[in-house]
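*Asks:* Just so it is clear, I am handing over protein_39.pdb, which has PDB, C-alpha atoms.
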```
ATOM      1  CA  MET U  47     -15.686  -8.894 -19.376
ATOM      2  CA  VAL U  48     -12.729 -11.251 -18.825
ATOM      3  CA  VAL U  49     -10.268 -11.318 -21.721
ATOM      4  CA  ARG U  50      -8.668 -14.669 -22.570
ATOM      5  CA  ILE U  51      -4.934 -14.367 -23.267
ATOM      6  CA  PHE U  52      -2.850 -17.383 -24.209
ATOM      7  CA  ASP U  53       0.610 -15.853 -24.539
ATOM      8  CA  MET U  54       2.398 -12.935 -26.140
ATOM      9  CA  ALA U  55       2.319 -14.671 -29.528
ATOM     10  CA  PHE U  56      -1.498 -14.602 -29.297
ATOM     11  CA  LEU U  57      -1.441 -10.891 -28.510
ATOM     12  CA  LYS U  58       0.191  -9.986 -31.812
ATOM     13  CA  GLN U  59      -2.849 -11.499 -33.529
ATOM     14  CA  THR U  60      -5.230  -9.185 -31.646
ATOM     15  CA  PRO U  61      -7.415  -7.289 -34.164
ATOM     16  CA  GLY U  62      -6.061  -3.872 -34.966
ATOM     17  CA  THR U  63      -2.410  -4.710 -34.269
ATOM     18  CA  ARG U  64       0.486  -5.340 -36.649
ATOM     19  CA  THR U  65       1.817  -8.844 -37.155
ATOM     20  CA  ARG U  66       5.234  -8.145 -35.650
ATOM     21  CA  PRO U  67       5.856  -9.452 -32.103
ATOM     22  CA  ALA U  68       4.365  -7.548 -29.210
ATOM     23  CA  THR U  69       7.873  -6.900 -27.863
ATOM     24  CA  ALA U  70       8.401  -4.610 -30.831
ATOM     25  CA  ALA U  71       5.475  -2.427 -29.765
ATOM     26  CA  GLY U  72       6.364   1.171 -29.170
ATOM     27  CA  GLN U  73       8.158   1.542 -32.511
ATOM     28  CA  ALA U  74       6.781   4.064 -34.966
ATOM     29  CA  GLY U  75       3.327   3.080 -36.146
ATOM     30  CA  GLU U  76       3.194   0.041 -33.854
ATOM     31  CA  ILE U  77       0.344  -0.678 -31.405
ATOM     32  CA  ASP U  78       0.984  -2.339 -28.036
ATOM     33  CA  PRO U  79      -1.764  -5.032 -27.950
ATOM     34  CA  LEU U  80      -1.429  -5.731 -24.233
ATOM     35  CA  ALA U  81      -1.721  -2.045 -23.326
ATOM     36  CA  ALA U  82      -4.635  -1.739 -25.783
ATOM     37  CA  LEU U  83      -6.628  -4.113 -23.569
ATOM     38  CA  VAL U  84      -6.478  -1.550 -20.743
ATOM     39  CA  ALA U  85      -6.726   1.588 -22.830
ATOM     40  CA  GLU U  86      -9.858   2.818 -21.034
ATOM     41  CA  GLU U  87      -9.437   1.221 -17.594
ATOM     42  CA  ARG U  88      -6.077   0.823 -15.916
ATOM     43  CA  VAL U  89      -6.627  -2.750 -14.668
ATOM     44  CA  ARG U  90      -8.659  -5.521 -16.292
ATOM     45  CA  PRO U  91      -9.250  -9.187 -15.364
ATOM     46  CA  CYS U  92      -8.094 -11.771 -17.865
ATOM     47  CA  LEU U  93      -7.170 -15.428 -18.296
ATOM     48  CA  TRP U  94      -3.481 -15.954 -18.983
ATOM     49  CA  GLN U  95      -2.941 -19.458 -20.378
ATOM     50  CA  GLY U  96      -6.054 -20.515 -18.463
ATOM     51  CA  GLN U  97      -4.898 -18.912 -15.207
ATOM     52  CA  PRO U  98      -6.930 -16.073 -13.591
ATOM     53  CA  ALA U  99      -4.879 -12.904 -13.919
ATOM     54  CA  PHE U 100      -5.025  -9.140 -14.420
ATOM     55  CA  VAL U 101      -3.687  -6.886 -17.148
ATOM     56  CA  LYS U 102      -2.463  -3.540 -15.805
ATOM     57  CA  ARG U 103      -0.984  -0.516 -17.512
ATOM     58  CA  LEU U 104       2.529   0.330 -16.423
ATOM     59  CA  ALA U 105       2.832   3.047 -13.775
ATOM     60  CA  PRO U 106       1.508   6.325 -15.215
ATOM     61  CA  ARG U 107       3.441   9.562 -15.073
ATOM     62  CA  ARG U 108       1.674  11.451 -12.277
ATOM     63  CA  ALA U 109       3.256  14.868 -12.726
ATOM     64  CA  TRP U 110       0.960  16.502 -10.157
ATOM     65  CA  GLU U 111       1.801  13.859  -7.540
ATOM     66  CA  ARG U 112       5.546  14.264  -8.071
ATOM     67  CA  TRP U 113       5.197  18.044  -7.863
ATOM     68  CA  LEU U 114       3.282  17.883  -4.561
ATOM     69  CA  LEU U 115       5.691  15.385  -3.040
ATOM     70  CA  ALA U 116       8.725  17.386  -4.097
ATOM     71  CA  LEU U 117       7.130  20.468  -2.522
ATOM     72  CA  PHE U 118       5.884  19.015   0.780
ATOM     73  CA  ALA U 119       8.159  16.023   1.432
ATOM     74  CA  PRO U 120      11.001  18.118   2.931
ATOM     75  CA  LEU U 121       8.526  19.650   5.394
ATOM     76  CA  LEU U 122       7.127  16.230   6.323
ATOM     77  CA  ARG U 123      10.625  14.859   6.879
ATOM     78  CA  ARG U 124      11.565  17.817   9.068
ATOM     79  CA  LEU U 125       8.387  17.745  11.171
ATOM     80  CA  CYS U 126       7.814  13.999  11.490
ATOM     81  CA  CYS U 127      11.217  12.344  11.465
ATOM     82  CA  PRO U 128      14.164  14.752  11.524
ATOM     83  CA  ASP U 129      16.337  12.029  13.067
ATOM     84  CA  GLN U 130      15.655   9.387  10.393
ATOM     85  CA  PRO U 131      18.275   8.741   7.686
ATOM     86  CA  PHE U 132      17.038   9.342   4.167
ATOM     87  CA  VAL U 133      18.558   8.376   0.819
ATOM     88  CA  PRO U 134      16.207   8.958  -2.149
ATOM     89  CA  VAL U 135      15.522   5.911  -4.323
ATOM     90  CA  VAL U 136      15.830   7.109  -7.933
ATOM     91  CA  ARG U 137      14.827   4.745 -10.726
ATOM     92  CA  LYS U 138      15.939   4.913 -14.352
ATOM     93  CA  ASP U 139      12.468   4.163 -15.731
ATOM     94  CA  ARG U 140       9.581   5.013 -13.441
ATOM     95  CA  ARG U 141       7.122   3.161 -15.679
ATOM     96  CA  LEU U 142       8.712  -0.145 -14.641
ATOM     97  CA  LEU U 143       8.319   0.718 -10.946
ATOM     98  CA  GLU U 144       5.527  -1.722 -10.107
ATOM     99  CA  VAL U 145       7.000  -4.660 -12.020
ATOM    100  CA  GLU U 146      10.386  -4.127 -10.364
ATOM    101  CA  ARG U 147       8.856  -3.855  -6.879
ATOM    102  CA  LEU U 148       6.728  -6.975  -7.362
ATOM    103  CA  ARG U 149       9.732  -9.002  -8.485
ATOM    104  CA  LYS U 150      11.943  -7.779  -5.630
ATOM    105  CA  LEU U 151       9.239  -8.442  -3.040
ATOM    106  CA  GLU U 152       8.618 -11.924  -4.431
ATOM    107  CA  ALA U 153      12.371 -12.634  -4.255
ATOM    108  CA  ALA U 154      12.299 -11.467  -0.613
ATOM    109  CA  GLY U 155       9.571 -13.996   0.193
ATOM    110  CA  VAL U 156       6.652 -11.549   0.361
ATOM    111  CA  ASP U 157       3.300 -12.886  -0.877
ATOM    112  CA  VAL U 158       2.628 -10.770  -3.987
ATOM    113  CA  PRO U 159       1.160 -11.542  -7.438
ATOM    114  CA  GLU U 160       3.591 -13.198  -9.837
ATOM    115  CA  VAL U 161       4.431 -11.159 -12.932
ATOM    116  CA  LEU U 162       3.473 -13.456 -15.819
ATOM    117  CA  GLY U 163       4.349 -11.311 -18.807
ATOM    118  CA  MET U 164       4.733  -7.749 -19.997
ATOM    119  CA  SER U 165       4.902  -5.492 -23.007
ATOM    120  CA  PRO U 166       6.263  -1.935 -23.304
ATOM    121  CA  GLY U 167       2.996  -0.483 -21.993
ATOM    122  CA  ALA U 168       1.414  -3.064 -19.691
ATOM    123  CA  PHE U 169       2.009  -6.239 -17.733
ATOM    124  CA  VAL U 170       0.096  -9.339 -16.635
ATOM    125  CA  MET U 171       0.084 -10.487 -13.017
ATOM    126  CA  ALA U 172      -1.476 -13.546 -11.449
ATOM    127  CA  SER U 173      -4.696 -13.170  -9.491
ATOM    128  CA  VAL U 174      -4.412 -13.736  -5.735
ATOM    129  CA  GLY U 175      -8.158 -13.932  -5.183
ATOM    130  CA  PRO U 176     -10.799 -11.558  -3.796
ATOM    131  CA  SER U 177      -9.627  -8.620  -1.714
ATOM    132  CA  LEU U 178      -9.792  -8.471   2.062
ATOM    133  CA  GLU U 179     -12.165  -5.527   1.697
ATOM    134  CA  ALA U 180     -14.633  -7.696  -0.242
ATOM    135  CA  ALA U 181     -14.323 -10.476   2.337
ATOM    136  CA  VAL U 182     -14.896  -8.077   5.246
ATOM    137  CA  ARG U 183     -17.889  -6.393   3.591
ATOM    138  CA  GLU U 184     -19.545  -9.758   2.970
ATOM    139  CA  ALA U 185     -18.819 -11.093   6.475
ATOM    140  CA  PRO U 186     -21.219 -10.545   9.409
ATOM    141  CA  PRO U 187     -19.915  -7.755  11.690
ATOM    142  CA  GLU U 188     -19.243 -10.203  14.535
ATOM    143  CA  THR U 189     -16.770 -12.196  12.380
ATOM    144  CA  ARG U 190     -14.680  -9.278  11.096
ATOM    145  CA  ARG U 191     -12.397  -8.981  14.116
ATOM    146  CA  GLY U 192     -10.168 -12.005  13.415
ATOM    147  CA  PRO U 193      -9.231 -11.215   9.781
ATOM    148  CA  LEU U 194      -8.552  -7.551  10.551
ATOM    149  CA  LEU U 195      -6.380  -8.293  13.592
ATOM    150  CA  LYS U 196      -4.438 -10.772  11.463
ATOM    151  CA  ALA U 197      -4.007  -8.139   8.737
ATOM    152  CA  ALA U 198      -2.699  -5.618  11.289
ATOM    153  CA  GLU U 199      -0.175  -8.123  12.620
ATOM    154  CA  ASP U 200       0.816  -8.996   9.059
ATOM    155  CA  LEU U 201       1.439  -5.317   8.253
ATOM    156  CA  ALA U 202       3.658  -4.967  11.329
ATOM    157  CA  ALA U 203       5.591  -8.108  10.321
ATOM    158  CA  PHE U 204       5.926  -6.787   6.753
ATOM    159  CA  HIS U 205       7.366  -3.554   8.142
ATOM    160  CA  ALA U 206       9.698  -5.436  10.496
ATOM    161  CA  ARG U 207      11.291  -6.957   7.384
ATOM    162  CA  GLY U 208      12.206  -3.465   6.186
ATOM    163  CA  GLN U 209       9.399  -3.215   3.610
ATOM    164  CA  TRP U 210       6.731  -0.621   2.833
ATOM    165  CA  HIS U 211       3.602  -0.863   0.690
ATOM    166  CA  GLY U 212       2.399   2.588  -0.366
ATOM    167  CA  GLY U 213      -1.154   1.304  -0.817
ATOM    168  CA  ALA U 214      -1.852  -0.640   2.383
ATOM    169  CA  GLN U 215      -5.642  -0.212   2.263
ATOM    170  CA  ILE U 216      -7.556  -3.466   2.646
ATOM    171  CA  ARG U 217      -8.716  -3.223  -0.970
ATOM    172  CA  ASN U 218      -5.074  -3.992  -1.872
ATOM    173  CA  LEU U 219      -4.786  -7.040   0.400
ATOM    174  CA  ALA U 220      -6.125 -10.538  -0.184
ATOM    175  CA  PRO U 221      -6.391 -13.596   2.083
ATOM    176  CA  HIS U 222      -4.147 -16.097   0.302
ATOM    177  CA  GLY U 223      -4.062 -19.476   2.016
ATOM    178  CA  LYS U 224      -2.662 -18.874   5.499
ATOM    179  CA  ALA U 225      -0.965 -15.661   4.370
ATOM    180  CA  ILE U 226      -2.094 -12.226   3.199
ATOM    181  CA  ALA U 227      -1.092 -11.208  -0.301
ATOM    182  CA  ARG U 228      -0.334  -7.587  -1.179
ATOM    183  CA  PHE U 229      -0.749  -5.816  -4.492
ATOM    184  CA  ASP U 230      -0.804  -2.325  -6.045
ATOM    185  CA  PHE U 231       2.801  -1.145  -5.720
ATOM    186  CA  ASP U 232       2.783   1.710  -8.229
ATOM    187  CA  ARG U 233       3.772   4.557  -5.892
ATOM    188  CA  GLU U 234       7.270   6.047  -5.869
ATOM    189  CA  PHE U 235       7.068   7.566  -2.390
ATOM    190  CA  ASP U 236      10.536   6.235  -1.454
ATOM    191  CA  ARG U 237      11.999   8.883  -3.726
ATOM    192  CA  TYR U 238      10.778  11.516  -1.263
ATOM    193  CA  LEU U 239      10.299   9.963   2.181
ATOM    194  CA  PRO U 240      12.355   7.755   4.547
ATOM    195  CA  LEU U 241      11.337   4.191   5.369
ATOM    196  CA  ALA U 242       9.918   4.868   8.856
ATOM    197  CA  LEU U 243       7.620   7.599   7.523
ATOM    198  CA  LEU U 244       6.521   5.370   4.619
ATOM    199  CA  GLN U 245       5.630   2.659   7.122
ATOM    200  CA  ALA U 246       3.731   5.116   9.336
ATOM    201  CA  LEU U 247       1.714   6.223   6.301
ATOM    202  CA  ASP U 248       1.025   2.537   5.532
ATOM    203  CA  ALA U 249      -0.450   2.130   9.019
ATOM    204  CA  ILE U 250      -2.645   5.212   8.593
ATOM    205  CA  LEU U 251      -3.875   4.101   5.160
ATOM    206  CA  PHE U 252      -4.635   0.624   6.489
ATOM    207  CA  LEU U 253      -6.612   1.921   9.476
ATOM    208  CA  SER U 254      -8.452   4.569   7.470
ATOM    209  CA  SER U 255      -9.597   1.883   5.012
ATOM    210  CA  ILE U 256     -11.452  -0.013   7.761
ATOM    211  CA  GLY U 257     -12.955   3.068   9.430
ATOM    212  CA  SER U 258     -16.318   2.820   7.696
ATOM    213  CA  LEU U 259     -16.581  -0.957   8.137
ATOM    214  CA  VAL U 260     -16.024  -1.441  11.859
ATOM    215  CA  SER U 261     -17.013   0.035  15.203
ATOM    216  CA  PRO U 262     -14.651   2.491  16.940
ATOM    217  CA  SER U 263     -13.840  -0.189  19.526
ATOM    218  CA  LEU U 264     -12.782  -2.679  16.827
ATOM    219  CA  ALA U 265     -10.775   0.031  15.051
ATOM    220  CA  ALA U 266      -8.967   0.640  18.348
ATOM    221  CA  ALA U 267      -8.288  -3.103  18.762
ATOM    222  CA  VAL U 268      -6.868  -3.316  15.228
ATOM    223  CA  ALA U 269      -4.664  -0.267  15.859
ATOM    224  CA  GLU U 270      -3.465  -1.823  19.104
ATOM    225  CA  SER U 271      -2.632  -5.046  17.258
ATOM    226  CA  TYR U 272      -0.377  -3.108  14.885
ATOM    227  CA  CYS U 273       1.212  -0.917  17.561
ATOM    228  CA  ALA U 274       1.978  -3.927  19.794
ATOM    229  CA  CYS U 275       4.425  -5.134  17.118
ATOM    230  CA  GLY U 276       5.347  -1.862  15.390
ATOM    231  CA  GLY U 277       8.883  -0.532  15.357
ATOM    232  CA  ALA U 278       9.873   2.334  17.679
ATOM    233  CA  PRO U 279      10.688   4.849  14.875
ATOM    234  CA  VAL U 280       7.301   4.238  13.230
ATOM    235  CA  LEU U 281       5.395   4.594  16.510
ATOM    236  CA  ALA U 282       7.268   7.818  17.284
ATOM    237  CA  ILE U 283       6.159   9.254  13.940
ATOM    238  CA  LEU U 284       2.568   8.131  14.519
ATOM    239  CA  SER U 285       2.650   9.834  17.937
ATOM    240  CA  ARG U 286       3.579  13.100  16.205
ATOM    241  CA  LEU U 287       0.915  12.673  13.517
ATOM    242  CA  VAL U 288      -2.048  11.823  15.775
ATOM    243  CA  PRO U 289      -2.560  15.362  17.211
ATOM    244  CA  TRP U 290      -2.449  16.834  13.692
ATOM    245  CA  ALA U 291      -4.954  14.251  12.458
ATOM    246  CA  LEU U 292      -7.309  15.076  15.330
ATOM    247  CA  ARG U 293      -7.158  18.788  14.560
ATOM    248  CA  LEU U 294      -7.596  18.224  10.831
ATOM    249  CA  GLY U 295     -10.571  15.906  11.380
ATOM    250  CA  LYS U 296     -12.297  18.562  13.464
ATOM    251  CA  SER U 297     -11.557  21.426  11.066
ATOM    252  CA  PRO U 298     -14.689  23.108   9.644
ATOM    253  CA  GLY U 299     -13.086  23.230   6.193
ATOM    254  CA  LEU U 300     -12.657  19.458   5.932
ATOM    255  CA  ARG U 301     -16.113  18.853   7.389
ATOM    256  CA  ARG U 302     -17.657  21.062   4.708
ATOM    257  CA  ILE U 303     -15.689  19.513   1.837
ATOM    258  CA  ALA U 304     -15.613  15.872   2.951
ATOM    259  CA  GLY U 305     -17.548  15.282   6.152
ATOM    260  CA  LYS U 306     -17.289  11.499   6.036
ATOM    261  CA  GLU U 307     -13.521  11.644   5.522
ATOM    262  CA  GLY U 308     -13.249  13.939   8.522
ATOM    263  CA  GLU U 309     -15.212  11.481  10.650
ATOM    264  CA  ARG U 310     -13.051   8.581   9.453
ATOM    265  CA  LEU U 311      -9.901  10.550  10.242
ATOM    266  CA  GLN U 312     -11.217  11.147  13.760
ATOM    267  CA  VAL U 313     -11.845   7.411  14.234
ATOM    268  CA  VAL U 314      -8.324   6.564  13.027
ATOM    269  CA  ALA U 315      -6.681   9.248  15.168
ATOM    270  CA  HIS U 316      -8.553   8.200  18.318
ATOM    271  CA  ALA U 317      -7.789   4.511  17.652
ATOM    272  CA  LEU U 318      -4.097   5.197  17.123
ATOM    273  CA  GLY U 319      -3.917   7.513  20.114
ATOM    274  CA  ALA U 320      -5.418   4.869  22.404
ATOM    275  CA  ALA U 321      -3.153   2.146  20.984
ATOM    276  CA  LEU U 322      -0.028   4.265  21.402
ATOM    277  CA  ARG U 323      -0.939   5.063  25.017
ATOM    278  CA  THR U 324      -1.444   1.344  25.698
ATOM    279  CA  ARG U 325       1.930   0.549  24.141
ATOM    280  CA  SER U 326       3.583   3.305  26.168
ATOM    281  CA  ARG U 327       2.067   2.067  29.455
ATOM    282  CA  ALA U 328       3.155  -1.482  28.646
ATOM    283  CA  GLY U 329       6.690  -0.246  27.992
ATOM    284  CA  HIS U 330       6.812   1.673  31.285
ATOM    285  CA  ALA U 331       5.472  -1.315  33.219
ATOM    286  CA  HIS U 332       8.070  -3.589  31.633
ATOM    287  CA  GLY U 333      10.857  -1.133  32.422
ATOM    288  CA  HIS U 334       9.659  -0.724  36.011
ATOM    289  CA  GLY U 335       9.466  -4.485  36.560
ATOM    290  CA  HIS U 336      12.884  -4.939  34.963
ATOM    291  CA  GLY U 337      14.362  -2.348  37.307
ATOM    292  CA  HIS U 338      12.906  -4.087  40.358
ATOM    293  CA  GLY U 339      14.337  -7.373  39.149
ATOM    294  CA  HIS U 340      17.832  -5.864  39.014
ATOM    295  CA  GLY U 341      17.386  -4.398  42.506
ATOM    296  CA  HIS U 342      16.533  -7.746  44.029
ATOM    297  CA  GLY U 343      19.427  -9.376  42.231
ATOM    298  CA  HIS U 344      21.940  -6.936  43.713
ATOM    299  CA  GLY U 345      20.478  -7.430  47.194
TER
END
```
Using structure tokens, write down the structure that the file contains.

*Replies:*
Amino acid sequence: MVVRIFDMAFLKQTPGTRTRPATAAGQAGEIDPLAALVAEERVRPCLWQGQPAFVKRLAPRRAWERWLLALFAPLLRRLCCPDQPFVPVVRKDRRLLEVERLRKLEAAGVDVPEVLGMSPGAFVMASVGPSLEAAVREAPPETRRGPLLKAAEDLAAFHARGQWHGGAQIRNLAPHGKAIARFDFDREFDRYLPLALLQALDAILFLSSIGSLVSPSLAAAVAESYCACGGAPVLAILSRLVPWALRLGKSPGLRRIAGKEGERLQVVAHALGAALRTRSRAGHAHGHGHGHGHGHGHG
């Protein structure tokens, strides 16, 4: 069901709420009408002043996620990127994380949903249309290559601008005119991990999200499209992660618990491994040709 919302003044008239403005919600005995719309589901489609939009609860407090990251992040940093600088990003109010990230990304020129309004417990963002995942699922297999290669190149360009997503799966991307819009920015991974590792995890999440939708050869082509433009620190981290991913995908434990996830991990690891080898050979060939050029010049 799509809820029709006109503005925040309308929200204070929602049945079951007080008559004071929604911005006063959160005071003793007060109900947040915007958050009440997503009490049972975290995100809900709506119409905001006639515009397609979504209501979403502010970032939840994931205590278990913070505990795991605090425990394992130092090990990941040491094993994957000991040479990368790291300054934790600490926010005063974690619940405002997604709204703050959306506004900063929009100011930086990234195609993200506009934040249309908010209350103490939820916010409204503009719709950017159907997800790339929906478009790919509905498309014939022979037409999926172009959109996915474009998405891989877009992710590399996004990273080249010093950005990271945290939820780079194709369900969180949407074709938006000639661009690709990104949404779902409610992860605080930059409190625990450096930028290059965040970007490497973006690449893995992106590739794993297409694993069940494409052939291994297309997965390899998409990985190659990303690696052809990816930054050296990110590719170095991916090179360290690929052997671990291959071993984990083959592990009997993972196959028993989640066989399909193990198979998908194998596809991603093989695709990345092939793409990284191609990038490495291209780099060696370029260096070799460059060296010959210098030799002839001196002669």

*Asks:* Counting all atoms listed in the file, figure out which residue out of U:Leu253, U:Ala116, U:Ala81, U:Leu241 gets nearest to Phe169 of chain U.

*Replies:*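 Answer, going by the shortest atom-to-atom distance: U:Ala81.
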
*Asks:* Record the distance separating atom CA of Arg103 of chain U and atom CA of Gly167 of chain U, expressed in Å with one decimal.

*Replies:* 6.0 Å

*Asks:* Find the residues around Leu244 of chain U up to 8 Å (all atoms listed in the file counted), leave out those fewer than 3 positions away in its own chain, and share them as a list in words.

*Replies:*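 Within the cut-off, the hits are Trp210, His211, Gly212, Phe235, Asp236, Leu239, Pro240, Leu241, Leu247 and Asp248 of chain U.
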
*Asks:* Would you mind exporting C-alpha atoms of the selected residues as a PDB file, in the frame of the given file?

*Replies:*
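Okay, this is what ended up in result.pdb:
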```pdb
ATOM      1  CA  TRP U 210       6.731  -0.621   2.833  1.00  0.00           C
ATOM      2  CA  HIS U 211       3.602  -0.863   0.690  1.00  0.00           C
ATOM      3  CA  GLY U 212       2.399   2.588  -0.366  1.00  0.00           C
ATOM      4  CA  PHE U 235       7.068   7.566  -2.390  1.00  0.00           C
ATOM      5  CA  ASP U 236      10.536   6.235  -1.454  1.00  0.00           C
ATOM      6  CA  LEU U 239      10.299   9.963   2.181  1.00  0.00           C
ATOM      7  CA  PRO U 240      12.355   7.755   4.547  1.00  0.00           C
ATOM      8  CA  LEU U 241      11.337   4.191   5.369  1.00  0.00           C
ATOM      9  CA  LEU U 247       1.714   6.223   6.301  1.00  0.00           C
ATOM     10  CA  ASP U 248       1.025   2.537   5.532  1.00  0.00           C
TER      11      ASP U 248
END
```

*Asks:* Counting all atoms listed in the file, which of U:Leu117, U:Arg90, U:Leu311, U:Arg107 gets nearest to Leu287 of chain U?

*Replies:*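 Nearest to Leu287 of chain U: U:Leu311.
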
*Asks:* Quick one: pull the distance between atom CA of Lys296 of chain U and atom CA of Val314 of chain U, Å, one decimal.

*Replies:*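 Separation of atom CA of Lys296 of chain U and atom CA of Val314 of chain U: 12.6 Å.
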
*Asks:* Pick the closest to Ala328 of chain U from U:Cys127, U:Ala274, U:Arg310, U:Thr189: which is it, counting only C-alpha atoms?

*Replies:* U:Ala274

*Asks:* Quick one: pull the distance between atom CA of Ala220 of chain U and atom CA of Leu251 of chain U, Å, one decimal.

*Replies:*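 If I compute the distance from atom CA of Ala220 of chain U to atom CA of Leu251 of chain U, I get 15.7 Å.
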
*Asks:* Smallest atom-to-atom distance to Pro187 of chain U: which of U:Gln97, U:Ser258, U:Glu270, U:Ala304, using only C-alpha atoms?

*Replies:* U:Ser258

*Asks:* Name the closest residue to Phe100 of chain U among the candidates U:Ala227, U:Leu318, U:Leu151, U:Val84; distances are taken between atoms, counting all atoms listed in the file.

*Replies:*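 Smallest separation from Phe100 of chain U among the options: U:Val84.
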
*Asks:* Could you rebuild segment 158-170 of chain U with N, CA and C atoms and give me the result as a CSV table (one decimal), in the frame of the given file?

*Replies:*
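Result saved to out19.csv:
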```
chain,number,residue,atom,x,y,z
U,158,VAL,N,3.1,-11.8,-3.0
U,158,VAL,CA,2.6,-10.8,-4.0
U,158,VAL,C,2.3,-11.5,-5.3
U,159,PRO,N,1.5,-10.9,-6.2
U,159,PRO,CA,1.2,-11.5,-7.4
U,159,PRO,C,2.4,-11.8,-8.3
U,160,GLU,N,2.5,-12.9,-8.9
U,160,GLU,CA,3.6,-13.2,-9.8
U,160,GLU,C,3.4,-12.4,-11.1
U,161,VAL,N,4.5,-11.8,-11.6
U,161,VAL,CA,4.4,-11.2,-12.9
U,161,VAL,C,4.6,-12.2,-14.0
U,162,LEU,N,3.5,-12.4,-14.8
U,162,LEU,CA,3.5,-13.5,-15.8
U,162,LEU,C,4.0,-13.0,-17.2
U,163,GLY,N,3.9,-11.8,-17.5
U,163,GLY,CA,4.3,-11.3,-18.8
U,163,GLY,C,4.2,-9.8,-18.9
U,164,MET,N,4.9,-9.2,-19.9
U,164,MET,CA,4.7,-7.7,-20.0
U,164,MET,C,5.1,-7.3,-21.4
U,165,SER,N,4.6,-6.1,-21.7
U,165,SER,CA,4.9,-5.5,-23.0
U,165,SER,C,5.4,-4.1,-22.7
U,166,PRO,N,5.8,-3.3,-23.6
U,166,PRO,CA,6.3,-1.9,-23.3
U,166,PRO,C,5.3,-1.1,-22.6
U,167,GLY,N,4.0,-1.4,-22.6
U,167,GLY,CA,3.0,-0.5,-22.0
U,167,GLY,C,2.2,-1.1,-20.9
U,168,ALA,N,2.3,-2.4,-20.7
U,168,ALA,CA,1.4,-3.1,-19.7
U,168,ALA,C,2.1,-4.4,-19.2
U,169,PHE,N,1.5,-4.9,-18.2
U,169,PHE,CA,2.0,-6.2,-17.7
U,169,PHE,C,0.8,-7.1,-17.2
U,170,VAL,N,1.1,-8.4,-17.1
U,170,VAL,CA,0.1,-9.3,-16.6
U,170,VAL,C,0.6,-9.9,-15.3
```
